[in-house]
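Pasted below: input-v2.pdb, PDB, C-alpha atoms.
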```
ATOM      1  CA  MET A   1      14.535 -58.894  74.027  1.00  0.00           C
ATOM      2  CA  SER A   2      13.512 -57.977  70.497  1.00  0.00           C
ATOM      3  CA  THR A   3      12.737 -54.432  69.430  1.00  0.00           C
ATOM      4  CA  ILE A   4       9.123 -55.276  68.592  1.00  0.00           C
ATOM      5  CA  ARG A   5       8.594 -56.785  72.019  1.00  0.00           C
ATOM      6  CA  LYS A   6      10.064 -53.631  73.693  1.00  0.00           C
ATOM      7  CA  ILE A   7       7.723 -51.427  71.634  1.00  0.00           C
ATOM      8  CA  ILE A   8       4.672 -53.551  72.554  1.00  0.00           C
ATOM      9  CA  ILE A   9       5.594 -53.491  76.262  1.00  0.00           C
ATOM     10  CA  SER A  10       6.155 -49.696  76.086  1.00  0.00           C
ATOM     11  CA  ILE A  11       2.748 -49.194  74.443  1.00  0.00           C
ATOM     12  CA  ILE A  12       1.034 -51.350  77.082  1.00  0.00           C
ATOM     13  CA  ILE A  13       2.733 -49.427  79.906  1.00  0.00           C
ATOM     14  CA  LEU A  14       1.754 -46.114  78.294  1.00  0.00           C
ATOM     15  CA  LEU A  15      -1.879 -47.262  77.945  1.00  0.00           C
ATOM     16  CA  VAL A  16      -1.986 -48.368  81.599  1.00  0.00           C
ATOM     17  CA  ILE A  17      -0.647 -44.952  82.673  1.00  0.00           C
ATOM     18  CA  ILE A  18      -3.198 -43.079  80.519  1.00  0.00           C
ATOM     19  CA  ILE A  19      -6.093 -45.210  81.771  1.00  0.00           C
ATOM     20  CA  GLY A  20      -4.900 -44.720  85.355  1.00  0.00           C
ATOM     21  CA  LEU A  21      -4.846 -40.947  84.885  1.00  0.00           C
ATOM     22  CA  VAL A  22      -8.340 -40.874  83.376  1.00  0.00           C
ATOM     23  CA  VAL A  23      -9.732 -43.041  86.183  1.00  0.00           C
ATOM     24  CA  PHE A  24      -7.965 -41.516  89.208  1.00  0.00           C
ATOM     25  CA  ILE A  25      -7.411 -37.798  88.467  1.00  0.00           C
ATOM     26  CA  PRO A  26     -11.099 -36.877  88.817  1.00  0.00           C
ATOM     27  CA  PHE A  27     -10.870 -38.053  92.448  1.00  0.00           C
ATOM     28  CA  PHE A  28      -8.254 -35.358  93.081  1.00  0.00           C
ATOM     29  CA  SER A  29     -10.171 -32.483  91.475  1.00  0.00           C
ATOM     30  CA  ASP A  30     -13.324 -30.765  92.704  1.00  0.00           C
ATOM     31  CA  PRO A  31     -15.912 -33.555  92.858  1.00  0.00           C
ATOM     32  CA  ASP A  32     -18.842 -31.250  92.192  1.00  0.00           C
ATOM     33  CA  LEU A  33     -17.220 -29.389  89.297  1.00  0.00           C
ATOM     34  CA  GLU A  34     -19.068 -26.246  90.300  1.00  0.00           C
ATOM     35  CA  PRO A  35     -17.957 -22.647  90.599  1.00  0.00           C
ATOM     36  CA  PRO A  36     -17.634 -21.073  94.044  1.00  0.00           C
ATOM     37  CA  ILE A  37     -20.799 -19.609  95.564  1.00  0.00           C
ATOM     38  CA  PRO A  38     -20.468 -16.129  97.056  1.00  0.00           C
ATOM     39  CA  THR A  39     -21.293 -15.279 100.618  1.00  0.00           C
ATOM     40  CA  VAL A  40     -23.179 -11.982 100.403  1.00  0.00           C
ATOM     41  CA  THR A  41     -23.739 -10.169 103.698  1.00  0.00           C
ATOM     42  CA  VAL A  42     -25.078  -6.903 105.027  1.00  0.00           C
ATOM     43  CA  GLY A  43     -23.984  -6.474 108.627  1.00  0.00           C
ATOM     44  CA  HIS A  44     -24.457  -9.914 110.202  1.00  0.00           C
ATOM     45  CA  THR A  45     -27.237 -10.915 107.808  1.00  0.00           C
ATOM     46  CA  GLU A  46     -26.523 -13.263 104.910  1.00  0.00           C
ATOM     47  CA  ILE A  47     -28.335 -12.406 101.682  1.00  0.00           C
ATOM     48  CA  PRO A  48     -29.428 -15.459  99.641  1.00  0.00           C
ATOM     49  CA  THR A  49     -28.112 -15.685  96.079  1.00  0.00           C
ATOM     50  CA  THR A  50     -29.303 -17.468  92.955  1.00  0.00           C
ATOM     51  CA  GLN A  51     -26.749 -19.014  90.613  1.00  0.00           C
ATOM     52  CA  GLY A  52     -27.062 -18.569  86.858  1.00  0.00           C
ATOM     53  CA  SER A  53     -25.878 -20.739  83.967  1.00  0.00           C
ATOM     54  CA  TYR A  54     -22.193 -21.598  83.813  1.00  0.00           C
ATOM     55  CA  CYS A  55     -19.469 -23.713  82.256  1.00  0.00           C
ATOM     56  CA  TRP A  56     -16.783 -25.012  84.578  1.00  0.00           C
ATOM     57  CA  ASP A  57     -13.631 -26.797  83.478  1.00  0.00           C
ATOM     58  CA  GLU A  58     -11.439 -28.873  85.770  1.00  0.00           C
ATOM     59  CA  PHE A  59      -8.485 -30.993  84.713  1.00  0.00           C
ATOM     60  CA  LEU A  60      -9.797 -33.813  82.490  1.00  0.00           C
ATOM     61  CA  SER A  61     -13.454 -32.967  83.161  1.00  0.00           C
ATOM     62  CA  ALA A  62     -15.835 -30.145  82.399  1.00  0.00           C
ATOM     63  CA  GLN A  63     -19.512 -29.393  82.520  1.00  0.00           C
ATOM     64  CA  CYS A  64     -21.948 -26.735  81.391  1.00  0.00           C
ATOM     65  CA  VAL A  65     -25.161 -26.122  83.306  1.00  0.00           C
ATOM     66  CA  ASP A  66     -27.997 -24.135  81.754  1.00  0.00           C
ATOM     67  CA  LYS A  67     -30.504 -22.594  84.134  1.00  0.00           C
ATOM     68  CA  ALA A  68     -34.006 -21.777  82.907  1.00  0.00           C
ATOM     69  CA  TYR A  69     -33.852 -18.098  83.861  1.00  0.00           C
ATOM     70  CA  THR A  70     -34.514 -15.335  81.351  1.00  0.00           C
ATOM     71  CA  GLY A  71     -32.170 -12.919  83.117  1.00  0.00           C
ATOM     72  CA  PRO A  72     -31.219 -11.392  86.479  1.00  0.00           C
ATOM     73  CA  LEU A  73     -34.743 -10.124  87.260  1.00  0.00           C
ATOM     74  CA  ASP A  74     -36.143 -13.625  86.764  1.00  0.00           C
ATOM     75  CA  MET A  75     -33.316 -15.170  88.827  1.00  0.00           C
ATOM     76  CA  ALA A  76     -34.015 -12.776  91.705  1.00  0.00           C
ATOM     77  CA  LYS A  77     -37.561 -14.142  92.096  1.00  0.00           C
ATOM     78  CA  GLU A  78     -36.092 -17.255  93.772  1.00  0.00           C
ATOM     79  CA  HIS A  79     -35.672 -15.372  97.073  1.00  0.00           C
ATOM     80  CA  LYS A  80     -37.553 -12.663  98.916  1.00  0.00           C
ATOM     81  CA  PRO A  81     -35.604  -9.353  98.985  1.00  0.00           C
ATOM     82  CA  THR A  82     -33.499  -8.873 102.103  1.00  0.00           C
ATOM     83  CA  LEU A  83     -34.409  -5.767 104.116  1.00  0.00           C
ATOM     84  CA  VAL A  84     -31.555  -3.266 104.442  1.00  0.00           C
ATOM     85  CA  SER A  85     -31.106   0.326 105.575  1.00  0.00           C
ATOM     86  CA  PRO A  86     -30.072   3.123 103.202  1.00  0.00           C
ATOM     87  CA  ASN A  87     -26.301   3.440 102.543  1.00  0.00           C
ATOM     88  CA  GLU A  88     -25.409   0.136 104.260  1.00  0.00           C
ATOM     89  CA  GLU A  89     -22.423  -1.818 102.967  1.00  0.00           C
ATOM     90  CA  ILE A  90     -22.819  -5.199 101.284  1.00  0.00           C
ATOM     91  CA  ASN A  91     -19.863  -7.596 101.240  1.00  0.00           C
ATOM     92  CA  ILE A  92     -19.419 -10.176  98.471  1.00  0.00           C
ATOM     93  CA  ILE A  93     -16.886 -12.860  99.367  1.00  0.00           C
ATOM     94  CA  PHE A  94     -15.957 -15.966  97.388  1.00  0.00           C
ATOM     95  CA  GLU A  95     -14.143 -18.869  99.062  1.00  0.00           C
ATOM     96  CA  LYS A  96     -12.028 -19.078  95.916  1.00  0.00           C
ATOM     97  CA  GLU A  97     -11.223 -15.556  94.752  1.00  0.00           C
ATOM     98  CA  PRO A  98     -11.993 -14.733  91.113  1.00  0.00           C
ATOM     99  CA  ILE A  99      -9.329 -13.482  88.717  1.00  0.00           C
ATOM    100  CA  LEU A 100      -8.260 -10.013  89.873  1.00  0.00           C
ATOM    101  CA  GLY A 101     -10.354  -7.256  88.311  1.00  0.00           C
ATOM    102  CA  THR A 102     -13.118  -9.536  86.967  1.00  0.00           C
ATOM    103  CA  LEU A 103     -15.665  -9.182  89.784  1.00  0.00           C
ATOM    104  CA  GLU A 104     -18.450  -6.912  88.535  1.00  0.00           C
ATOM    105  CA  VAL A 105     -21.870  -5.947  89.866  1.00  0.00           C
ATOM    106  CA  GLU A 106     -24.869  -4.532  88.009  1.00  0.00           C
ATOM    107  CA  GLN A 107     -27.922  -2.996  89.645  1.00  0.00           C
ATOM    108  CA  TRP A 108     -31.240  -3.873  87.986  1.00  0.00           C
ATOM    109  CA  ILE A 109     -34.409  -1.932  88.724  1.00  0.00           C
ATOM    110  CA  ASP A 110     -36.143  -3.140  85.568  1.00  0.00           C
ATOM    111  CA  LYS A 111     -34.965  -4.466  82.188  1.00  0.00           C
ATOM    112  CA  ASP A 112     -34.451  -0.919  80.883  1.00  0.00           C
ATOM    113  CA  ASN A 113     -32.804   0.461  84.006  1.00  0.00           C
ATOM    114  CA  VAL A 114     -29.439  -1.259  84.598  1.00  0.00           C
ATOM    115  CA  GLU A 115     -26.273   0.386  85.846  1.00  0.00           C
ATOM    116  CA  GLN A 116     -22.795  -0.658  86.892  1.00  0.00           C
ATOM    117  CA  VAL A 117     -22.156  -0.598  90.651  1.00  0.00           C
ATOM    118  CA  GLU A 118     -18.857   0.519  92.105  1.00  0.00           C
ATOM    119  CA  ILE A 119     -17.264  -2.241  94.146  1.00  0.00           C
ATOM    120  CA  LYS A 120     -14.117  -1.769  96.242  1.00  0.00           C
ATOM    121  CA  ASN A 121     -12.477  -4.555  98.230  1.00  0.00           C
ATOM    122  CA  ASN A 122     -15.508  -6.792  97.576  1.00  0.00           C
ATOM    123  CA  THR A 123     -17.797  -4.155  99.145  1.00  0.00           C
ATOM    124  CA  MET A 124     -20.598  -2.062  97.630  1.00  0.00           C
ATOM    125  CA  VAL A 125     -22.908   0.559  99.115  1.00  0.00           C
ATOM    126  CA  VAL A 126     -26.708   0.240  99.158  1.00  0.00           C
ATOM    127  CA  PRO A 127     -28.639   3.124  97.558  1.00  0.00           C
ATOM    128  CA  ALA A 128     -30.066   5.851  99.808  1.00  0.00           C
ATOM    129  CA  GLU A 129     -33.452   5.747  98.046  1.00  0.00           C
ATOM    130  CA  LYS A 130     -36.137   3.330  99.224  1.00  0.00           C
ATOM    131  CA  GLY A 131     -37.109   0.545  96.839  1.00  0.00           C
ATOM    132  CA  ILE A 132     -36.361  -2.969  95.659  1.00  0.00           C
ATOM    133  CA  TYR A 133     -33.057  -3.530  93.879  1.00  0.00           C
ATOM    134  CA  VAL A 134     -31.734  -6.605  92.093  1.00  0.00           C
ATOM    135  CA  TYR A 135     -27.993  -7.134  91.779  1.00  0.00           C
ATOM    136  CA  HIS A 136     -26.253  -9.291  89.211  1.00  0.00           C
ATOM    137  CA  VAL A 137     -22.779 -10.354  90.360  1.00  0.00           C
ATOM    138  CA  PHE A 138     -20.434 -11.994  87.886  1.00  0.00           C
ATOM    139  CA  ALA A 139     -16.771 -12.951  87.833  1.00  0.00           C
ATOM    140  CA  ASN A 140     -14.195 -15.083  86.033  1.00  0.00           C
ATOM    141  CA  TRP A 141     -11.923 -17.850  87.246  1.00  0.00           C
ATOM    142  CA  GLU A 142      -9.396 -19.902  85.298  1.00  0.00           C
ATOM    143  CA  GLN A 143     -11.985 -22.710  85.236  1.00  0.00           C
ATOM    144  CA  GLY A 144     -14.829 -20.551  83.860  1.00  0.00           C
ATOM    145  CA  ASN A 145     -17.287 -17.822  84.775  1.00  0.00           C
ATOM    146  CA  VAL A 146     -20.659 -17.541  86.431  1.00  0.00           C
ATOM    147  CA  GLY A 147     -23.236 -14.984  87.495  1.00  0.00           C
ATOM    148  CA  TYR A 148     -25.356 -14.746  90.633  1.00  0.00           C
ATOM    149  CA  THR A 149     -28.227 -12.509  91.656  1.00  0.00           C
ATOM    150  CA  PHE A 150     -29.573 -11.264  94.940  1.00  0.00           C
ATOM    151  CA  SER A 151     -32.179  -8.690  95.838  1.00  0.00           C
ATOM    152  CA  ILE A 152     -32.618  -6.161  98.593  1.00  0.00           C
ATOM    153  CA  GLU A 153     -35.353  -3.837  99.762  1.00  0.00           C
ATOM    154  CA  VAL A 154     -34.153  -0.496 101.091  1.00  0.00           C
ATOM    155  CA  LYS A 155     -36.536   0.640 103.860  1.00  0.00           C
TER     156      LYS A 155
END
```
Same coordinates, now as structure tokens:
Amino acid sequence: MSTIRKIIISIIILLVIIIGLVVFIPFFSDPDLEPPIPTVTVGHTEIPTTQGSYCWDEFLSAQCVDKAYTGPLDMAKEHKPTLVSPNEEINIIFEKEPILGTLEVEQWIDKDNVEQVEIKNNTMVVPAEKGIYVYHVFANWEQGNVGYTFSIEVK
């Protein structure tokens, strides 16, 4: 077999392999290409969350999704605040854990009153004071990052 013929056959085989990878690998990655959604609970009650904009990158495919929210306070309007008692514990669990040390929570009372919330072992404590509080949860994964909000009413 001539050298040119070997090169042509090698190129064809390489192209078939590349096309096969492009066609079949997406079937083996996350079909939705979306970040994990947290399960946020207080006691046995699940608190609904609202997902913000994100970019998520899987092997050979990626997507960015822009939500029309102006910020965490706007995002929180999607759900009615969940009633909680003062000083209760809220758990934030992701099916796929974020990169260690990247899970953060902010408490929003209004656009000028935002503070960092201490979170230990995916758990935070509800304020003792009555009122409505909005929380912005964000974290990073190797595939990207995303933020979520939820709101509570301390009674």
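Applied to the shown file, the PyMOL selection byres ((chain A and resi 35) around 9) selects the residues A:Asp32, A:Leu33, A:Glu34, A:Pro36, A:Ile37, A:Tyr54, A:Cys55, A:Trp56, A:Lys96, A:Trp141, A:Gln143, A:Gly144, A:Asn145, A:Val146.
On the file presented, the PyMOL selection byres ((chain A and resi 82) around 8) picks out A:Ile47, A:Lys80, A:Pro81, A:Leu83, A:Val84, A:Ser151, A:Ile152, A:Glu153.
Using all atoms listed in the file, the smallest distance between any of A:Ala68, A:Ile109, A:Leu60, A:Ala139 and A:Ile92 comes from A:Ala139.
The coordinates place atom CA of A:Glu58 at 26.9 Å from atom CA of A:Phe150.
Of the residues listed (A:Ile9, A:Gly52, A:Pro127, A:Glu95), A:Gly52 shows the shortest atom-to-atom separation from A:Cys64; distances use only C-alpha atoms.
Between A:Asp57 and the residues A:Pro38, A:Glu118, A:Tyr148, A:Glu142, the shortest atom-to-atom distance, using all atoms listed in the file, involves A:Glu142.
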